[in-house]
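Engineer: Can you keep this structure in mind? I'll have questions shortly.
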Amino acid sequence: MWGKIKHWIEVRIGLEELTDRHLRSYKTPKGASFLNTLGFVALIAFIVQVITGIMLLLYYVPHPDHAFQSVQTMTNEIPYGWLFRLIHNIGSNIIIGVIIIHMVHVFLRVSYKRPREVTWISGCLMLFLVLLTSITGQLLPWHQTGFWQTTVTSTIPAFLPIIGEGISSYMRGGEFVTGITLSRYFSFHVVILPVIISGLIGLHVLLVRRQGISTSAIVEPESSKTSHEDFYREAHLKGQPCFPHFSLKRLFMVMLYFSIIFFIMTFWPNLFLPPESNMPANPLMTPETIRPAWYFLAPYQLIKTIPNDLLGISLLVIFSVVLLFWPFFDAKEAERNISRRPMLLSLGLIVLALWAILTIWGMYS
Amino acid sequence: MMRYVIIPVVVLIAIVSAGLSQAGYRETFEREFMLSPWSIAKGETSACIQCHTSDNMGPEMHEVTRQWKESWHAKNNISCHDCHGGAPEDASMSMMHQRGFKGSPKDVDIPEFCGTCHIAILDNYLKSGHGETFIATAEGPSCVTCHGSHNIQQASMDIINEQLCSQCHTYERAKEMKQALFMVESKLNTIDKDMKRLKLLGIATERQEKAFFRNHAEFRALFHSIDVDAVRIKSSDYAQKLEIIESEINDSFNKLAMRRNVSAYLFLLFIGLSIVVFLLSKSYEQQ
């Protein structure tokens, strides 16, 4: 029976050839480690967010009078609604952590160099868009935390000259955070941003498949035969078939991702849901402290620390632009082995240390 | 080549931004965010508070505002105009009678003044020994005698104490009343704490809160009759009603325990799968 089904599918879509081309014949470098699978884990994390998001969408009502209640109902009344909500909530934080570690890994391996500049840019754009998705998602439950975080985050662009006011006003759909803001954030969170991110994922995956997986320059030394003007694909001829070697590594990391989610859910279910997130939004009652999510603590502390707000936000914009176009800032002819590039290594570590210090500072300030 | 274009652009943006920062954007930020109505809508814009905390007012007026800020009313967003009327948003008209300003009530009007909101309590108070004395003499204990006028705190059994009651009469009867209230009061406190805990854990307690509020308010109203026998008789009714709420709260705690068990099961499942996949991966590596 199974053979018949397999044959039926084989005749129509050529399953054998498809799996062979993409799993067995597709070679991955021998030195590919668990860290090389982080892009795949991020993809799975995104799919998990989409699936749980759709489940939540079935009961969510995007209206200021009903949003909070609908989230409360789906968490407390709908069978296993709490599970989907918590996976979505914890997953939204884990996905950002995974993307950040993936980018740090790519940076330290100097994998963004030719021909992977566009891959880096698309990855960076995805990080920005995932952060934006997170910002827009915070408002949807219409609780105190989300409402006041949105009030602050939508004010920050106003520090920018000329365009700042327009951006703030567009984000809120007026002067204050209202039902219009909720509708706007809802459409961005549910449709616009996921569609753009999906497009970028397609481009990113296409480029990775086209160029081959980038490993360390120590594991696979760069070929000196190819000219900088020619396209060169790392075919990993001495590598291993993707299945089962690399596929098992990927599967292990995906299992680890789910384990972390359920670990947090068991021991700290409210880690990303502060007490104010169980109170409906009240524009007349400002919470004692309005603190952004952990991944925004560093920029938040930077803006707070620098006495001039415009200078603070300008630094952030400059940092984002430099990060986005980093492959073009790095010297074209410089080699890929970071251990031989102490300046680049120091720069990376200093930025990471600063980010960590600002985050911890922001957490306790 | 590209970086030779981008670096100057970035530097230019930084210089222009730094220059523009001197052009009063801080003020814009303060106007738009720090001083906007939604940012300070906790009552600070109230003309009453602005005036009563200004240098034009004597220290006793400052004290009124200070006491209110620490009160249960303030914590529940009950501001000056909710009791005294008037127009807090308009300084020039805030104390006009045309705008509903009532000012401070005379002693004789205090029960009616507070009873505007605390309706059931007013009824029971007027029928009580306290109320009858007050009506007869216009000097007996009114609301402010026990609760104060501006520093009003959340009512609790602690308000019945020897120091306060013995200002007017002996403490014996009040003590009996306190004993009669004890069981229901301690149940009310436990339920209140549990509901707050559940709320922080993300469990909706709206239905229980409504039932609790209803029972709490009725019990408080009964309490003001200062009729020990009536309190004793009705206490068991309230205790039964509160037990229903208590059992719903216990169900919610059980629900939380069930969630924890499901999460723990899923955690163990995935950690087990991770170990299996890791070992499989290692065995393939060795091959």
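Ordering of the structure tokens sets the chain letters (A, B, ...); residue numbers start at 1 within each chain; ligands are numbered from 1 in the order shown.
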Considering only C-alpha atoms, give me a table of residues in range 137-169 of chain B that are at most 12 Å from range 55-71 of chain B, with the closest atom pair and distance in Å for each, as a tab-separated table.

Structural biologist:
```
residue	atom	partner	partner_atom	distance
B:His147	CA	B:Ser71	CA	10.7
B:Gly148	CA	B:Gln67	CA	10.0
B:Ser149	CA	B:Trp68	CA	8.8
B:His150	CA	B:Trp68	CA	5.0
B:Asn151	CA	B:Gln67	CA	4.7
B:Ile152	CA	B:Ser71	CA	5.0
B:Gln153	CA	B:Ser71	CA	5.4
B:Gln154	CA	B:Ser71	CA	8.1
B:Ala155	CA	B:Ser71	CA	11.1
```

Engineer: Could those selected residues go to a file with N, CA and C atoms, as a CSV table (one decimal), in the first residue's frame?

Structural biologist:
```
chain,number,residue,atom,x,y,z
B,147,HIS,N,-12.8,57.2,59.4
B,147,HIS,CA,-12.1,57.0,58.1
B,147,HIS,C,-11.1,58.2,57.8
B,148,GLY,N,-11.3,59.3,58.5
B,148,GLY,CA,-10.5,60.5,58.1
B,148,GLY,C,-11.1,61.1,56.9
B,149,SER,N,-10.7,62.3,56.5
B,149,SER,CA,-11.3,63.0,55.4
B,149,SER,C,-10.5,62.9,54.1
B,150,HIS,N,-9.2,63.0,54.1
B,150,HIS,CA,-8.4,62.9,52.9
B,150,HIS,C,-7.5,61.7,52.8
B,151,ASN,N,-6.9,61.4,54.0
B,151,ASN,CA,-6.1,60.2,54.0
B,151,ASN,C,-6.9,59.0,54.3
B,152,ILE,N,-7.8,58.7,53.4
B,152,ILE,CA,-8.7,57.6,53.6
B,152,ILE,C,-8.0,56.3,53.1
B,153,GLN,N,-7.9,55.3,53.9
B,153,GLN,CA,-7.2,54.1,53.5
B,153,GLN,C,-8.2,53.0,53.3
B,154,GLN,N,-7.8,51.9,52.6
B,154,GLN,CA,-8.7,50.8,52.3
B,154,GLN,C,-9.2,50.2,53.7
B,155,ALA,N,-10.5,50.1,53.7
B,155,ALA,CA,-11.2,49.7,55.0
B,155,ALA,C,-10.7,48.3,55.4
```

Engineer: Applying 10 Å and only C-alpha atoms, which residues near Met55 in chain A remain after dropping the ones on its own chain fewer than 3 positions away? List them as an MDAnalysis selection string.

Structural biologist: chainID A and resid 49:52 58:60 74 81 84:85 88

Engineer: Taking only C-alpha atoms into account, report as a VMD selection string which residues of chain A lie within 8 Å of chain B.

Structural biologist: chain A and resid 72 to 73 75 to 76 83 152 155 158 to 159 161 176 244 to 245 248 to 249 251 to 253 255 to 256 258 to 263 265 to 267 270 274 to 276 278 283 to 286 308 to 311 314 to 315 318 328 to 329

Engineer: Store the residues picked out above, limited to C-alpha atoms, as a compact mmCIF listing (two decimals), in the first residue's frame.

Structural biologist:
```txt
# COMPACT_ATOMS: atom_id res chain seq x y z
CA GLN A 72 -7.65 36.51 28.20
CA THR A 73 -10.36 34.23 26.82
CA THR A 75 -5.49 31.96 27.30
CA ASN A 76 -7.91 30.81 29.96
CA LEU A 83 0.02 26.71 25.18
CA VAL A 152 7.38 55.22 24.22
CA THR A 155 7.69 58.64 20.38
CA ALA A 158 10.01 61.99 16.80
CA PHE A 159 13.54 62.93 17.93
CA PRO A 161 14.51 66.09 12.51
CA PHE A 176 -1.85 59.26 20.73
CA PRO A 244 21.87 12.46 7.41
CA HIS A 245 25.00 14.29 8.64
CA LEU A 248 20.77 15.51 12.12
CA LYS A 249 22.70 18.52 13.40
CA LEU A 251 17.28 18.42 13.89
CA PHE A 252 19.25 18.43 17.15
CA MET A 253 19.27 22.24 17.23
CA MET A 255 14.89 19.96 19.35
CA LEU A 256 17.06 22.15 21.57
CA PHE A 258 11.79 23.50 21.54
CA SER A 259 13.42 22.27 24.76
CA ILE A 260 14.39 25.85 25.68
CA ILE A 261 10.85 27.08 24.96
CA PHE A 262 9.29 24.36 27.15
CA PHE A 263 11.94 24.80 29.84
CA MET A 265 7.33 27.62 29.99
CA THR A 266 7.71 25.14 32.87
CA PHE A 267 9.86 27.16 35.23
CA ASN A 270 5.75 34.69 32.90
CA PRO A 274 5.43 41.16 33.41
CA PRO A 275 2.58 41.75 35.93
CA GLU A 276 1.32 44.76 33.93
CA ASN A 278 -2.22 41.02 32.85
CA PRO A 283 -4.21 55.53 29.10
CA LEU A 284 -4.85 57.35 32.37
CA MET A 285 -2.55 55.23 34.49
CA THR A 286 1.16 55.26 33.69
CA ASN A 308 20.92 64.73 23.63
CA ASP A 309 18.09 62.50 22.36
CA LEU A 310 18.68 63.33 18.72
CA LEU A 311 22.31 62.39 19.02
CA SER A 314 21.28 59.30 15.27
CA LEU A 315 23.91 56.95 16.70
CA ILE A 318 24.19 55.10 12.00
CA PHE A 328 30.99 47.05 1.94
CA PHE A 329 32.79 48.69 4.86
```

Engineer: Considering only C-alpha atoms, return as a ChimeraX atom specification whatever protein or nucleic-acid residues lie within 9 Å of range 345-348 of chain A, sequence-local ones (same chain, fewer than 5 positions apart) excluded.

Structural biologist: /A:104,107-108,338-340,353

Engineer: Only C-alpha atoms, please: the residues just picked out, written as a PDB file, in the first residue's frame.

Structural biologist:
```
ATOM      1  CA  VAL A 104      27.513  37.103  15.483  1.00  0.00           C
ATOM      2  CA  PHE A 107      30.466  38.045  11.560  1.00  0.00           C
ATOM      3  CA  LEU A 108      33.186  36.213  13.485  1.00  0.00           C
ATOM      4  CA  ILE A 338      39.484  36.489  11.805  1.00  0.00           C
ATOM      5  CA  SER A 339      42.305  35.239  14.030  1.00  0.00           C
ATOM      6  CA  ARG A 340      44.653  37.065  11.703  1.00  0.00           C
ATOM      7  CA  ALA A 353      30.514  43.902  25.244  1.00  0.00           C
TER       8      ALA A 353
END
```

Engineer: What's the 10 Å shell around Arg220 in chain B, counting only C-alpha atoms, without same-chain residues fewer than 5 positions away, as a list in words?

Structural biologist: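 Those residues are Ala120, Ile121, Asn124, Ala155, Ser156, Glu185, Arg214, Asn215 and Ser225 of chain B.
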
Engineer: How about saving the chosen residues, N, CA and C atoms kept, as a PDB file, in the first residue's frame?

Structural biologist:
```
ATOM      1  N   ALA B 120     -25.113  52.061  49.718  1.00  0.00           N
ATOM      2  CA  ALA B 120     -25.599  51.016  50.637  1.00  0.00           C
ATOM      3  C   ALA B 120     -25.047  51.248  52.042  1.00  0.00           C
ATOM      4  N   ILE B 121     -23.828  51.698  52.117  1.00  0.00           N
ATOM      5  CA  ILE B 121     -23.210  51.936  53.423  1.00  0.00           C
ATOM      6  C   ILE B 121     -23.945  53.076  54.135  1.00  0.00           C
ATOM      7  N   ASN B 124     -27.176  51.776  55.809  1.00  0.00           N
ATOM      8  CA  ASN B 124     -26.925  51.016  57.035  1.00  0.00           C
ATOM      9  C   ASN B 124     -26.408  51.906  58.158  1.00  0.00           C
ATOM     10  N   ALA B 155     -10.548  50.098  53.717  1.00  0.00           N
ATOM     11  CA  ALA B 155     -11.166  49.697  54.974  1.00  0.00           C
ATOM     12  C   ALA B 155     -10.742  48.288  55.360  1.00  0.00           C
ATOM     13  N   SER B 156     -10.418  48.111  56.599  1.00  0.00           N
ATOM     14  CA  SER B 156     -10.094  46.774  57.101  1.00  0.00           C
ATOM     15  C   SER B 156     -10.543  46.697  58.557  1.00  0.00           C
ATOM     16  N   GLU B 185     -13.883  38.232  57.393  1.00  0.00           N
ATOM     17  CA  GLU B 185     -12.834  39.186  57.033  1.00  0.00           C
ATOM     18  C   GLU B 185     -11.550  38.456  56.606  1.00  0.00           C
ATOM     19  N   ARG B 214     -18.985  42.195  45.032  1.00  0.00           N
ATOM     20  CA  ARG B 214     -20.380  42.259  45.464  1.00  0.00           C
ATOM     21  C   ARG B 214     -20.495  41.844  46.950  1.00  0.00           C
ATOM     22  N   ASN B 215     -19.878  40.715  47.279  1.00  0.00           N
ATOM     23  CA  ASN B 215     -19.926  40.217  48.654  1.00  0.00           C
ATOM     24  C   ASN B 215     -19.202  41.153  49.615  1.00  0.00           C
ATOM     25  N   SER B 225     -23.884  48.664  60.098  1.00  0.00           N
ATOM     26  CA  SER B 225     -25.103  48.684  60.921  1.00  0.00           C
ATOM     27  C   SER B 225     -24.722  48.577  62.403  1.00  0.00           C
TER      28      SER B 225
END
```

Engineer: Can you tell me, as an NGL selection string, what residues are no more than 7 Å from range 87-101 of chain B when counting only C-alpha atoms, ignoring any on the same chain fewer than 4 positions away?

Structural biologist: :B and (46-48 or 81)

Engineer: From the options A:Lys4, A:His63, A:His236, A:Arg291, which residue's atoms come nearest to Ile213 in chain A, counting only C-alpha atoms?

Structural biologist: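 Distance minimum relative to Ile213 in chain A lands on A:His236.
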
Engineer: Can you pull out every residue within 10 Å of range 238-246 of chain B, counting only C-alpha atoms, but drop anything in the same chain fewer than 4 positions away, and send it as an NGL selection string?

Structural biologist: :B and (183-185 or 187-188 or 190-192 or 194-195 or 207-209 or 211-212 or 215-216 or 218-219 or 231 or 233-234 or 250-252)

Engineer: Can you pull out the residues contacting Ile110 in chain B? Cut-off 10 Å, using only C-alpha atoms, and skip same-chain residues under 6 positions away; I want them as an MDAnalysis selection string.

Structural biologist: chainID B and resid 104 142:144 149

Engineer: What is the CA of Arg173 in chain B to CA of Glu132 in chain B distance in Å?

Structural biologist: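 Going from CA of Arg173 in chain B over to CA of Glu132 in chain B covers 16.8 Å.
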
Engineer: Taking only C-alpha atoms into account, produce a table as a tab-separated table in which each residue of range 185-213 of chain A with an atom at most 7 Å from an atom of range 136-145 of chain A appears once, together with its shortest atom pair and the distance in Å to one decimal, ordered by chain and rising number.

Structural biologist:
```
residue	atom	partner	partner_atom	distance
A:Tyr185	CA	A:Thr136	CA	4.9
A:Phe186	CA	A:Leu140	CA	6.6
A:Phe188	CA	A:Thr136	CA	7.0
A:His189	CA	A:Thr136	CA	5.6
```

Engineer: Pull N, CA and C atoms from the residues just selected and write them as an mmCIF file, in the first residue's frame.

Structural biologist:
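Just written: part-v8.cif:
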```cif
data_model
loop_
_atom_site.group_PDB
_atom_site.id
_atom_site.type_symbol
_atom_site.label_atom_id
_atom_site.label_comp_id
_atom_site.auth_asym_id
_atom_site.auth_seq_id
_atom_site.Cartn_x
_atom_site.Cartn_y
_atom_site.Cartn_z
ATOM 1 N N TYR A 185 -1.019 48.491 13.724
ATOM 2 C CA TYR A 185 -0.027 47.519 14.201
ATOM 3 C C TYR A 185 -0.496 46.098 13.877
ATOM 4 N N PHE A 186 -1.796 45.887 13.972
ATOM 5 C CA PHE A 186 -2.351 44.558 13.693
ATOM 6 C C PHE A 186 -2.066 44.159 12.243
ATOM 7 N N PHE A 188 0.220 45.336 10.251
ATOM 8 C CA PHE A 188 1.660 45.159 10.042
ATOM 9 C C PHE A 188 2.127 43.826 10.627
ATOM 10 N N HIS A 189 1.636 43.529 11.829
ATOM 11 C CA HIS A 189 2.104 42.327 12.535
ATOM 12 C C HIS A 189 1.620 41.048 11.858
#
```

Engineer: I need the residues in range 122-182 of chain B that are alpha helix (DSSP H) according to DSSP; give them as an mmCIF file with N, CA and C atoms, in the first residue's frame.

Structural biologist:
```cif
data_model
loop_
_atom_site.group_PDB
_atom_site.id
_atom_site.type_symbol
_atom_site.label_atom_id
_atom_site.label_comp_id
_atom_site.auth_asym_id
_atom_site.auth_seq_id
_atom_site.Cartn_x
_atom_site.Cartn_y
_atom_site.Cartn_z
ATOM 1 N N LEU B 122 -24.328 54.086 53.375
ATOM 2 C CA LEU B 122 -25.047 55.230 53.969
ATOM 3 C C LEU B 122 -26.351 54.742 54.622
ATOM 4 N N ASP B 123 -27.101 53.891 53.908
ATOM 5 C CA ASP B 123 -28.374 53.388 54.435
ATOM 6 C C ASP B 123 -28.176 52.690 55.781
ATOM 7 N N ASN B 124 -27.176 51.776 55.809
ATOM 8 C CA ASN B 124 -26.925 51.016 57.035
ATOM 9 C C ASN B 124 -26.408 51.906 58.158
ATOM 10 N N TYR B 125 -25.581 52.860 57.764
ATOM 11 C CA TYR B 125 -25.018 53.773 58.774
ATOM 12 C C TYR B 125 -26.142 54.593 59.425
ATOM 13 N N LEU B 126 -27.068 55.121 58.597
ATOM 14 C CA LEU B 126 -28.130 55.981 59.123
ATOM 15 C C LEU B 126 -29.054 55.208 60.090
ATOM 16 N N LYS B 127 -29.166 53.859 59.841
ATOM 17 C CA LYS B 127 -30.025 53.051 60.710
ATOM 18 C C LYS B 127 -29.271 52.591 61.968
ATOM 19 N N GLY B 129 -26.589 52.761 65.380
ATOM 20 C CA GLY B 129 -26.453 53.600 66.563
ATOM 21 C C GLY B 129 -25.640 54.844 66.264
ATOM 22 N N HIS B 130 -24.582 54.662 65.471
ATOM 23 C CA HIS B 130 -23.747 55.797 65.069
ATOM 24 C C HIS B 130 -24.585 56.835 64.334
ATOM 25 N N GLY B 131 -25.348 56.367 63.344
ATOM 26 C CA GLY B 131 -26.156 57.259 62.502
ATOM 27 C C GLY B 131 -27.252 57.953 63.286
ATOM 28 N N GLU B 132 -27.932 57.144 64.148
ATOM 29 C CA GLU B 132 -29.030 57.733 64.933
ATOM 30 C C GLU B 132 -28.507 58.842 65.846
ATOM 31 N N THR B 133 -27.347 58.589 66.456
ATOM 32 C CA THR B 133 -26.747 59.616 67.331
ATOM 33 C C THR B 133 -26.413 60.862 66.512
ATOM 34 N N PHE B 134 -25.883 60.618 65.349
ATOM 35 C CA PHE B 134 -25.485 61.738 64.496
ATOM 36 C C PHE B 134 -26.703 62.590 64.085
ATOM 37 N N ILE B 135 -27.782 61.875 63.708
ATOM 38 C CA ILE B 135 -28.989 62.611 63.283
ATOM 39 C C ILE B 135 -29.558 63.393 64.477
ATOM 40 N N ALA B 136 -29.541 62.748 65.648
ATOM 41 C CA ALA B 136 -30.129 63.392 66.818
ATOM 42 C C ALA B 136 -29.324 64.594 67.296
ATOM 43 N N THR B 137 -27.995 64.456 67.272
ATOM 44 C CA THR B 137 -27.158 65.517 67.873
ATOM 45 C C THR B 137 -26.416 66.367 66.849
ATOM 46 N N CYS B 143 -18.708 59.676 58.936
ATOM 47 C CA CYS B 143 -17.721 58.915 58.151
ATOM 48 C C CYS B 143 -16.282 59.302 58.505
ATOM 49 N N VAL B 144 -16.035 60.615 58.597
ATOM 50 C CA VAL B 144 -14.653 61.082 58.769
ATOM 51 C C VAL B 144 -14.117 60.792 60.171
ATOM 52 N N THR B 145 -15.023 60.548 61.138
ATOM 53 C CA THR B 145 -14.563 60.257 62.504
ATOM 54 C C THR B 145 -13.699 58.994 62.498
ATOM 55 N N CYS B 146 -14.146 57.987 61.766
ATOM 56 C CA CYS B 146 -13.389 56.732 61.718
ATOM 57 C C CYS B 146 -12.421 56.658 60.536
ATOM 58 N N HIS B 147 -12.843 57.193 59.381
ATOM 59 C CA HIS B 147 -12.053 57.000 58.147
ATOM 60 C C HIS B 147 -11.136 58.166 57.808
ATOM 61 N N GLU B 162 -9.201 49.850 69.940
ATOM 62 C CA GLU B 162 -9.522 50.461 71.228
ATOM 63 C C GLU B 162 -9.271 51.958 71.222
ATOM 64 N N GLN B 163 -8.183 52.343 70.630
ATOM 65 C CA GLN B 163 -7.799 53.761 70.635
ATOM 66 C C GLN B 163 -8.860 54.636 69.970
ATOM 67 N N LEU B 164 -9.344 54.144 68.814
ATOM 68 C CA LEU B 164 -10.313 54.937 68.050
ATOM 69 C C LEU B 164 -11.708 54.880 68.696
ATOM 70 N N CYS B 165 -12.169 53.650 69.017
ATOM 71 C CA CYS B 165 -13.539 53.493 69.521
ATOM 72 C C CYS B 165 -13.715 54.139 70.905
ATOM 73 N N GLU B 172 -15.824 47.405 74.567
ATOM 74 C CA GLU B 172 -16.394 46.063 74.705
ATOM 75 C C GLU B 172 -17.255 45.644 73.515
ATOM 76 N N ARG B 173 -18.231 46.472 73.182
ATOM 77 C CA ARG B 173 -19.165 46.149 72.089
ATOM 78 C C ARG B 173 -18.434 46.074 70.741
ATOM 79 N N ALA B 174 -17.531 46.990 70.553
ATOM 80 C CA ALA B 174 -16.752 47.005 69.302
ATOM 81 C C ALA B 174 -15.910 45.745 69.173
ATOM 82 N N LYS B 175 -15.399 45.291 70.317
ATOM 83 C CA LYS B 175 -14.580 44.075 70.337
ATOM 84 C C LYS B 175 -15.412 42.866 69.895
ATOM 85 N N GLU B 176 -16.663 42.809 70.423
ATOM 86 C CA GLU B 176 -17.569 41.720 70.034
ATOM 87 C C GLU B 176 -17.808 41.733 68.529
ATOM 88 N N MET B 177 -17.999 42.928 68.032
ATOM 89 C CA MET B 177 -18.234 43.111 66.586
ATOM 90 C C MET B 177 -17.020 42.619 65.789
ATOM 91 N N LYS B 178 -15.850 42.953 66.260
ATOM 92 C CA LYS B 178 -14.630 42.552 65.575
ATOM 93 C C LYS B 178 -14.509 41.025 65.537
ATOM 94 N N GLN B 179 -14.879 40.390 66.657
ATOM 95 C CA GLN B 179 -14.815 38.923 66.707
ATOM 96 C C GLN B 179 -15.821 38.300 65.736
ATOM 97 N N ALA B 180 -17.003 38.909 65.660
ATOM 98 C CA ALA B 180 -18.043 38.387 64.755
ATOM 99 C C ALA B 180 -17.612 38.510 63.293
ATOM 100 N N LEU B 181 -16.830 39.540 63.021
ATOM 101 C CA LEU B 181 -16.410 39.785 61.639
ATOM 102 C C LEU B 181 -15.209 38.943 61.230
ATOM 103 N N PHE B 182 -14.501 38.442 62.240
ATOM 104 C CA PHE B 182 -13.176 37.874 61.996
ATOM 105 C C PHE B 182 -13.121 36.834 60.867
#
```

Engineer: CA of Val208 in chain A and CA of Pro29 in chain A, how far apart in Å?

Structural biologist: 13.1 Å

Engineer: Could you tell me, as number ranges by chain, which residues of range 132-299 of chain A DSSP assigns to strand (DSSP E or B) when given the backbone?

Structural biologist: A: 143, 240-241, 280
